[in-house]
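Asks: Structure supplied as query_28.txt; contents: compact mmCIF, C-alpha atoms.
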```
# COMPACT_ATOMS: atom_id res chain seq x y z
CA MET A 1 -0.36 16.44 19.72
CA THR A 2 -0.05 12.97 18.20
CA ARG A 3 0.88 13.03 14.54
CA ILE A 4 -1.12 10.31 12.77
CA ALA A 5 -0.71 9.61 9.07
CA VAL A 6 -2.55 7.21 6.80
CA TYR A 7 -0.84 5.37 3.95
CA PRO A 8 -3.72 4.13 1.76
CA GLY A 9 -3.54 1.71 -1.13
CA SER A 10 -4.57 -1.64 -2.51
CA PHE A 11 -1.22 -3.36 -1.74
CA ASP A 12 -1.99 -6.42 -3.89
CA PRO A 13 0.63 -7.55 -2.87
CA ILE A 14 2.77 -5.26 -0.75
CA THR A 15 6.14 -4.62 -2.40
CA ASN A 16 9.53 -3.52 -1.10
CA GLY A 17 8.70 -0.08 -2.50
CA HIS A 18 5.62 0.09 -0.27
CA LEU A 19 7.64 -1.16 2.69
CA ASP A 20 10.28 1.52 2.03
CA ILE A 21 7.59 4.23 2.30
CA ILE A 22 6.15 2.66 5.47
CA GLU A 23 9.55 2.44 7.17
CA ARG A 24 10.55 5.99 6.28
CA SER A 25 7.21 7.55 7.21
CA SER A 26 7.20 5.65 10.52
CA ARG A 27 10.25 7.73 11.48
CA ILE A 28 8.38 10.97 10.76
CA PHE A 29 4.97 10.33 12.35
CA ASP A 30 3.91 9.06 15.77
CA LYS A 31 1.62 6.54 14.12
CA ILE A 32 1.25 5.26 10.56
CA ILE A 33 -1.95 3.49 9.61
CA VAL A 34 -1.53 1.38 6.51
CA ALA A 35 -5.08 1.41 5.16
CA VAL A 36 -5.93 -1.29 2.64
CA LEU A 37 -8.65 0.02 0.37
CA GLU A 38 -11.54 -2.27 -0.44
CA ASN A 39 -11.72 -1.05 -4.03
CA PRO A 40 -14.55 -2.49 -6.13
CA GLU A 41 -12.94 -1.01 -9.28
CA LYS A 42 -9.92 -3.30 -8.95
CA LYS A 43 -11.13 -6.46 -10.66
CA ASN A 44 -9.72 -9.89 -9.81
CA PRO A 45 -7.32 -9.06 -7.01
CA MET A 46 -4.69 -11.69 -6.27
CA PHE A 47 -5.28 -11.53 -2.52
CA SER A 48 -8.46 -10.82 -0.57
CA VAL A 49 -8.50 -7.66 1.55
CA GLU A 50 -8.12 -9.80 4.67
CA GLU A 51 -5.11 -11.59 3.21
CA ARG A 52 -3.48 -8.29 2.25
CA VAL A 53 -3.98 -6.92 5.76
CA ASP A 54 -2.37 -10.09 7.14
CA LEU A 55 0.60 -9.90 4.76
CA ILE A 56 1.24 -6.26 5.66
CA LYS A 57 0.96 -6.98 9.37
CA ARG A 58 3.56 -9.73 8.99
CA VAL A 59 6.07 -7.55 7.13
CA THR A 60 5.63 -4.58 9.49
CA GLU A 61 5.45 -6.47 12.79
CA ASN A 62 8.83 -5.05 13.89
CA ILE A 63 7.77 -1.43 13.32
CA GLU A 64 6.08 -0.44 16.58
CA ASN A 65 4.09 2.56 15.39
CA VAL A 66 2.46 0.90 12.37
CA GLU A 67 -1.16 -0.27 12.37
CA VAL A 68 -2.80 -2.09 9.48
CA GLU A 69 -6.51 -1.98 8.70
CA SER A 70 -8.87 -2.09 5.78
CA PHE A 71 -11.45 0.51 4.86
CA LYS A 72 -14.04 1.27 2.23
CA GLY A 73 -15.60 4.51 1.18
CA LEU A 74 -14.03 7.93 1.06
CA LEU A 75 -10.50 8.25 2.39
CA ILE A 76 -11.41 11.59 3.99
CA ASP A 77 -14.15 9.92 6.04
CA TYR A 78 -11.65 7.28 7.17
CA MET A 79 -9.15 10.03 8.06
CA HIS A 80 -11.75 11.72 10.27
CA LYS A 81 -12.59 8.42 11.96
CA LYS A 82 -8.89 7.91 12.77
CA ASN A 83 -8.19 11.54 13.76
CA ALA A 84 -5.47 11.61 11.13
CA ASN A 85 -4.53 14.70 9.17
CA VAL A 86 -1.80 13.52 6.78
CA ILE A 87 -2.10 11.18 3.81
CA VAL A 88 1.19 9.57 2.78
CA LYS A 89 1.54 8.63 -0.88
CA GLY A 90 4.53 6.96 -2.45
CA LEU A 91 5.68 8.04 -5.89
CA ARG A 92 7.78 6.09 -8.37
CA ALA A 93 7.53 8.22 -11.51
CA MET A 94 5.86 11.27 -13.01
CA SER A 95 2.93 9.13 -14.12
CA ASP A 96 2.23 8.34 -10.44
CA PHE A 97 2.41 12.03 -9.60
CA GLU A 98 -0.26 13.09 -12.09
CA TYR A 99 -2.85 10.68 -10.67
CA GLU A 100 -1.88 11.26 -7.04
CA PHE A 101 -1.86 15.03 -7.51
CA GLN A 102 -5.48 14.90 -8.72
CA MET A 103 -6.42 12.76 -5.72
CA ALA A 104 -4.64 15.14 -3.34
CA LEU A 105 -6.54 18.10 -4.79
CA MET A 106 -9.85 16.26 -4.42
CA ASN A 107 -9.07 15.28 -0.84
CA ASN A 108 -8.07 18.88 -0.11
CA LYS A 109 -11.38 20.08 -1.53
CA LEU A 110 -13.22 17.64 0.75
CA ASP A 111 -11.20 18.72 3.80
CA SER A 112 -8.63 21.49 3.59
CA ASP A 113 -7.17 20.46 6.97
CA VAL A 114 -5.92 17.16 5.57
CA GLU A 115 -2.51 17.36 3.89
CA THR A 116 -0.98 14.93 1.42
CA LEU A 117 2.71 14.12 1.76
CA PHE A 118 4.37 12.70 -1.36
CA MET A 119 7.42 10.53 -0.77
CA MET A 120 9.66 9.31 -3.55
CA THR A 121 10.41 5.64 -3.17
CA ASN A 122 14.01 4.53 -3.03
CA SER A 123 15.38 4.51 -6.57
CA LYS A 124 16.09 0.78 -6.39
CA TYR A 125 12.31 0.21 -6.21
CA SER A 126 11.24 2.84 -8.74
CA TYR A 127 10.26 0.22 -11.33
CA VAL A 128 8.45 -2.11 -8.90
CA SER A 129 4.66 -2.25 -8.83
CA SER A 130 2.23 -4.81 -7.47
CA THR A 131 1.09 -5.44 -11.04
CA SER A 132 4.61 -6.16 -12.27
CA VAL A 133 5.28 -8.44 -9.30
CA LYS A 134 2.14 -10.46 -10.11
CA GLN A 135 3.09 -10.70 -13.79
CA VAL A 136 6.66 -11.80 -13.10
CA ALA A 137 5.56 -14.32 -10.46
CA THR A 138 2.77 -15.71 -12.67
CA TYR A 139 5.29 -16.60 -15.36
CA GLY A 140 7.79 -18.10 -12.92
CA GLY A 141 10.19 -15.18 -12.78
CA CYS A 142 12.23 -14.26 -9.74
CA ILE A 143 10.51 -11.85 -7.34
CA ASP A 144 13.35 -11.82 -4.79
CA ASP A 145 14.21 -8.21 -3.88
CA LEU A 146 10.81 -7.04 -5.21
CA VAL A 147 8.72 -8.07 -2.20
CA PRO A 148 9.56 -8.80 1.43
CA GLU A 149 11.21 -12.20 1.71
CA ASN A 150 8.68 -13.55 4.22
CA ILE A 151 5.75 -13.28 1.77
CA ILE A 152 7.35 -14.73 -1.37
CA MET A 153 5.89 -18.17 -0.67
CA ASP A 154 2.44 -16.64 -0.10
CA ILE A 155 2.59 -15.12 -3.58
CA LYS A 156 3.83 -18.31 -5.21
CA ASN A 157 1.20 -20.40 -3.40
CA LYS A 158 -1.58 -18.00 -4.43
CA ILE A 159 -0.48 -18.19 -8.07
CA ASN A 160 -0.43 -21.99 -7.91
CA GLN A 161 -3.93 -22.00 -6.36
CA LYS A 162 -5.25 -19.75 -9.13
CA LYS A 163 -3.63 -21.92 -11.81
CA LEU A 164 -5.18 -25.07 -10.32
CA SER A 165 -8.63 -23.49 -10.02
CA SER A 166 -8.58 -22.28 -13.63
CA ARG A 167 -7.98 -25.75 -15.04
```
Give the structure from the file, written as structure tokens.
Replies:
Amino acid sequence: MTRIAVYPGSFDPITNGHLDIIERSSRIFDKIIVAVLENPEKKNPMFSVEERVDLIKRVTENIENVEVESFKGLLIDYMHKKNANVIVKGLRAMSDFEYEFQMALMNNKLDSDVETLFMMTNSKYSYVSSTSVKQVATYGGCIDDLVPENIIMDIKNKINQKKLSSR
């Protein structure tokens, strides 16, 4: 039986903490699908869904059993479509756990055959979030070691584009 897991999120942008979870879970499962959520509740994303999928594909291209897609709607419906039965969620702190625990319970109510696996991110990334990366980058701070090296220029270019368009 093929063990397929889905790692869902907005990934706006993907961080080294996200990549840590992807790399580690790729050693546990036969296939990891990084599923970029098209979330209408997240206002003013930095990157479009298509751009986020592209960035994640670029930083995971050397991990053979990783696929990257976008989805909208209920995660459980997406899980069924992909014949996956494990949701991987990365945790940085207790505040993450409270929200993710509620989501895991809801997903379990919708389908009790789908399990949620919580993985603690490496402690060196425990303070890193996509939001903090965007804030630091917007104000010209150093984002080295926060995001994969090969997307730093994408982030800087996107910030410059947004600054130019807001003038």
Asks: Calculate how many Å separate CA of Ser10 in chain A from CA of Ile33 in chain A, rounding to one decimal.
Replies: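 If I compute the distance from CA of Ser10 in chain A to CA of Ile33 in chain A, I get 13.4 Å.
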Asks: Grab the CA of Gly17 in chain A to CA of Ser112 in chain A distance for me, in Å with one decimal place.
Replies: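 If I compute the distance from CA of Gly17 in chain A to CA of Ser112 in chain A, I get 28.3 Å.
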Asks: Report as a PyMOL selection string all protein, DNA and RNA residues lying within 12 Å of Asn44 in chain A, evaluated on all atoms listed in the file, omitting residues in the same chain fewer than 2 positions from it.
Replies: chain A and resi 12+39-42+46-49+131+134+162
Asks: Rounded to one decimal, what separation in Å do you get between CA of Lys57 in chain A and CA of Pro8 in chain A?
Replies: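 Between these atoms lies a distance of 14.3 Å.
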Asks: Show me, as a ChimeraX atom specification, the residues that have an atom within 12 Å of Met106 in chain A when counting only C-alpha atoms, minus same-chain residues fewer than 4 positions from it.
Replies: /A:74-76,99-102,110-112,114-116
Asks: Choose the residue, out of A:Leu146, A:Ser126, A:Leu117, A:Asp54, that has the smallest atom-to-atom separation from Ser95 in chain A; count all atoms listed in the file.
Replies: A:Ser126
Asks: Return the single residue from A:Ala93, A:Ile22, A:Leu105, A:Leu37 that is closest to Glu64 in chain A, with distances computed using all atoms listed in the file.
Replies: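 Using all atoms listed in the file, the shortest distance to Glu64 in chain A belongs to A:Ile22.
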Asks: My list of candidates is A:Leu19, A:Val136, A:Leu164, A:Val36. Which is closest to Gly90 in chain A when distances are computed with all atoms listed in the file?
Replies: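 Among A:Leu19, A:Val136, A:Leu164, A:Val36, it is A:Leu19 that comes nearest to Gly90 in chain A.
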